[in-house]
Every structure is written in structure tokens, then in C-alpha cells.
Amino acid sequence: MMTNLSGFRRVVRKVFRNLGFQRRIAPHFVDVMHAHDIDVVFDVGANDGDYGREIRDLGYEGLIVSFEPNSEAYDRLQAAIASDPNWIAYSFAFGEDDGEAELSVAENDAMSSIKGLTEFGKETGAVSNTTVNVAITRLDSFLNKHPELMKNVYLKIDTQGFEMEVLRGAGEKLAQIAAVQAEIALIHTYTNELDWLEILMWMRAQKFEVATAICNSAVGAQVREFDFVFVRQ
């Protein structure tokens with residue numbers, strides 16, 4: 001009986017896989033938000049709002065604060081959030097130092113970056129069409145000016161290789177953040193990125209542990225990037 005039941009389950013799983021469905025074991029980002037009573041999501045590297053729309057569709061109803069330095073993507077973002085009173089946006093980047101930087105606007109502008117490209121990156125949609133100067137501020141400087149946003153914060157960072165600079169720019173404010181989601185590469189598209197294990201160990205040193213990790217792209221049979229979600233212990 002058990003053998004027949006196991007065989008039936010395998011057949012059912014195969015049918016669902018062939019239909020495009022996959023079994024989900026890892027918690028989703030929104031599962032972590034609900035579990036930790038998140039009030040505010042900082043969407044750093046928002047592009048035109050895909051991430052915000054995704055978490056809205058999955059049931060997150062709290063405040064979203066998006067940050068996008070590329071003016072063309074920011075204009076699309078503003079249009080997308082116009083009907084959502086609980087979603088606001090700013091047009092600058094976060095980094096380790098206040099100032100300005102040159103942003104390479106990519107063919108796929110979701111892959112625009114302040115960093116240069118590796119040889120692998122030059123074969124992707126990250127290849128630059130143009131460059132623009134953008135304002136950079138430290139996250140802790142921004143939060144000092146906006147203490148009303150320091151509630152139960154979920155910090156999402158998708159900044160195309162610039163994630164560690166954003167984290168370092170949080171300074172002591174990082175200790176007040178409940179959860180951090182960061183896109184972390186195993187195959188580097190951008191120059192001067194830390195190895196993924198170094199980033200995980202750095203986060204552990206800041207008293208964060210991994211809550212979930214979801215593959216967001218691959219090259220053949222090898223994972224290219226994960227979205228890691230860390231929660232404060």
C-alpha cells in the first residue's frame with residue numbers, strides 16, 4: 001500500500017511539474033514579513049516597482065518606501081504607484097558615503113549599476129547604453145531625517161552589486177532593522193563584489209541569520225543569484 005501511495009505521489013508531482021507548477025518549500029518574502037509584523041518595506045533599487053507589486057499581490061498591505069536613482073525608471077515608478085496611497089518613492093541611491101556617482105544605465109535598465117562589469121557581465125543585459133550622475137546618501141543619514149519611518153522595517157536591497165555599500169551606509173541604524181533582503185550573486189556580473197559567503201558571515205556578525213533564500217536566476221544548471229532574507233536574532 002505504501003509503495004503504491006509513493007508511486008501515486010511521484011506521478012502527481014510529475015504532472016504538476018509538467019504543467020509548470022513547482023513545490024515551494026522555502027518561505028516567501030511576504031511570509032517573513034507577516035511572521036515579523038513588518039510595518040514598512042524599504043524597496044532600495046526599485047526600478048519601476050516590480051517588487052512592490054509582487055508583495056502587494058501576495059498580501060503585504062503596509063507602507064512601501066521605494067528608492068530609484070535612474071530618472072526614467074523613477075518616472076515609470078511614480079506612474080505605477082499613483083493610485084496607492086501607502087506607497088511613496090524617492091529618486092536617489094544609497095551608499096557608503098554621501099555624494100554623487102555615475103550610474104551606468106543598462107540595456108535592461110533593471111540591471112543598471114554604479115559598478116563596472118565583469119567579463120560575464122559584458123555578455124548580459126547589464127551592458128550600458130548611457131551613464132548619468134545620481135545622488136547618493138547614507139541610509140542612516142536618511143533615517144535621521146525621517147525618524148517617522150523607523151517602525152518595524154524590512155530592508156530590501158537590489159542594487160546590482162552595490163548591496164554591501166548600502167548595508168555599510170546603514171551604520172548603527174542597521175541594528176534597528178528587523179529584516180534584510182539582499183540580492184547576492186554566486187556568479188558575479190559586477191566588479192568588486194564580495195564573495196557570497198563573506199556577505200553571509202558579515203550579516204551574521206551584525207546579529208542576522210538567514211530566514212529564507214530563493215534562487216532568482218541561473219546560468220544553465222548553476223545558480224547565478226539568490227535573494228537571501230536575514231532576520232535579526
# chains A, B, ... in the order shown; residues from 1 in each chain; ligands from 1
$ residues_around --residues "A:Gly161" --least-positions-apart "5" --cutoff "7 Å" --atoms "only C-alpha atoms" --output "list in words"
Lys115, Tyr190 and Glu193 of chain A
$ residues_around --residues "A:Leu174" --least-positions-apart "2" --cutoff "10 Å" --atoms "only C-alpha atoms" --output "PyMOL selection string"
chain A and resi 139-140+153+155+167-172+176-180+206-207+232
$ atom_distance --atom1 "atom CA of A:Glu107" --atom2 "atom CA of A:Ser128"
5.9 Å
$ closest_atom_pairs --of "stretch 61-91 of chain A" --to "stretch 52-56 of chain A" --cutoff "12 Å" --atoms "only C-alpha atoms" --output "JSON lines"
{"residue": "A:Glu61", "atom": "CA", "partner": "A:Arg56", "partner_atom": "CA", "distance": 6.3}
{"residue": "A:Gly62", "atom": "CA", "partner": "A:Arg56", "partner_atom": "CA", "distance": 8.9}
{"residue": "A:Leu63", "atom": "CA", "partner": "A:Gly52", "partner_atom": "CA", "distance": 10.0}
{"residue": "A:Ile64", "atom": "CA", "partner": "A:Gly52", "partner_atom": "CA", "distance": 7.1}
{"residue": "A:Val65", "atom": "CA", "partner": "A:Gly52", "partner_atom": "CA", "distance": 9.1}
{"residue": "A:Ser66", "atom": "CA", "partner": "A:Gly52", "partner_atom": "CA", "distance": 8.2}
{"residue": "A:Phe67", "atom": "CA", "partner": "A:Gly52", "partner_atom": "CA", "distance": 11.2}
{"residue": "A:Leu77", "atom": "CA", "partner": "A:Gly52", "partner_atom": "CA", "distance": 9.9}
{"residue": "A:Ala80", "atom": "CA", "partner": "A:Arg53", "partner_atom": "CA", "distance": 9.0}
{"residue": "A:Ile81", "atom": "CA", "partner": "A:Arg53", "partner_atom": "CA", "distance": 9.1}
{"residue": "A:Asp84", "atom": "CA", "partner": "A:Arg56", "partner_atom": "CA", "distance": 10.2}
{"residue": "A:Asn86", "atom": "CA", "partner": "A:Arg56", "partner_atom": "CA", "distance": 10.7}
{"residue": "A:Trp87", "atom": "CA", "partner": "A:Gly52", "partner_atom": "CA", "distance": 8.6}
{"residue": "A:Ile88", "atom": "CA", "partner": "A:Gly52", "partner_atom": "CA", "distance": 10.7}
{"residue": "A:Ala89", "atom": "CA", "partner": "A:Gly52", "partner_atom": "CA", "distance": 11.0}
$ atom_distance --atom1 "atom CA of A:Ala135" --atom2 "atom CA of A:Trp196"
27.1 Å
$ closest_residue --among "A:Ile214, A:Asn129, A:Val229, A:Asn144" --to "A:Leu200" --atoms "only C-alpha atoms"
A:Val229
$ atom_distance --atom1 "atom CA of A:Ser217" --atom2 "atom CA of A:Met201"
22.4 Å
$ closest_residue --among "A:Val223, A:Ala26, A:Met150, A:Ala110" --to "A:Ile187" --atoms "only C-alpha atoms"
A:Val223
$ residues_around --residues "A:Glu119" --least-positions-apart "3" --cutoff "12 Å" --atoms "only C-alpha atoms" --output "PDB file with N, CA and C atoms, in the first residue's frame"
ATOM      1  N   GLY A 116      31.312  48.597 -12.333  1.00  0.00           N
ATOM      2  CA  GLY A 116      31.668  48.128 -13.656  1.00  0.00           C
ATOM      3  C   GLY A 116      31.256  46.682 -13.860  1.00  0.00           C
ATOM      4  N   LYS A 122      29.504  41.418 -19.205  1.00  0.00           N
ATOM      5  CA  LYS A 122      29.503  42.013 -20.548  1.00  0.00           C
ATOM      6  C   LYS A 122      28.709  41.180 -21.551  1.00  0.00           C
ATOM      7  N   GLU A 123      28.338  39.965 -21.158  1.00  0.00           N
ATOM      8  CA  GLU A 123      27.548  39.101 -22.033  1.00  0.00           C
ATOM      9  C   GLU A 123      26.074  39.090 -21.627  1.00  0.00           C
ATOM     10  N   THR A 124      25.685  40.012 -20.766  1.00  0.00           N
ATOM     11  CA  THR A 124      24.309  40.047 -20.252  1.00  0.00           C
ATOM     12  C   THR A 124      23.634  41.361 -20.613  1.00  0.00           C
ATOM     13  N   ALA A 126      23.192  43.678 -18.763  1.00  0.00           N
ATOM     14  CA  ALA A 126      23.757  44.757 -17.935  1.00  0.00           C
ATOM     15  C   ALA A 126      24.646  45.704 -18.744  1.00  0.00           C
ATOM     16  N   VAL A 127      24.902  45.387 -20.009  1.00  0.00           N
ATOM     17  CA  VAL A 127      25.738  46.260 -20.857  1.00  0.00           C
ATOM     18  C   VAL A 127      25.112  47.645 -20.932  1.00  0.00           C
ATOM     19  N   ILE A 187      27.630  34.026  -9.157  1.00  0.00           N
ATOM     20  CA  ILE A 187      28.393  34.351 -10.360  1.00  0.00           C
ATOM     21  C   ILE A 187      28.319  35.864 -10.519  1.00  0.00           C
ATOM     22  N   HIS A 188      29.442  36.538 -10.487  1.00  0.00           N
ATOM     23  CA  HIS A 188      29.426  37.996 -10.416  1.00  0.00           C
ATOM     24  C   HIS A 188      29.251  38.642 -11.791  1.00  0.00           C
ATOM     25  N   THR A 189      28.261  39.524 -11.866  1.00  0.00           N
ATOM     26  CA  THR A 189      28.025  40.346 -13.051  1.00  0.00           C
ATOM     27  C   THR A 189      28.819  41.648 -12.963  1.00  0.00           C
ATOM     28  N   TYR A 190      29.074  42.111 -11.724  1.00  0.00           N
ATOM     29  CA  TYR A 190      29.678  43.424 -11.490  1.00  0.00           C
ATOM     30  C   TYR A 190      31.014  43.258 -10.774  1.00  0.00           C
ATOM     31  N   THR A 191      31.907  44.219 -10.986  1.00  0.00           N
ATOM     32  CA  THR A 191      33.250  44.151 -10.408  1.00  0.00           C
ATOM     33  C   THR A 191      33.210  44.485  -8.916  1.00  0.00           C
TER      34      THR A 191
END
$ closest_residue --among "A:Met203, A:Val44, A:Gln181, A:Asn192" --to "A:His28" --atoms "only C-alpha atoms"
A:Gln181
$ closest_residue --among "A:Ile114, A:Ala46, A:Val105, A:Leu143" --to "A:Ser91" --atoms "only C-alpha atoms"
A:Ala46
$ select_by_dssp --residues "stretch 78-201 of chain A" --states "helix (DSSP H, G or I)" --output "JSON, numbers by chain"
{"A": [78, 79, 80, 81, 109, 110, 111, 121, 122, 123, 139, 140, 141, 142, 143, 144, 145, 147, 148, 149, 163, 164, 165, 166, 167, 168, 171, 172, 173, 174, 175, 176, 196, 197, 198, 199, 200, 201]}
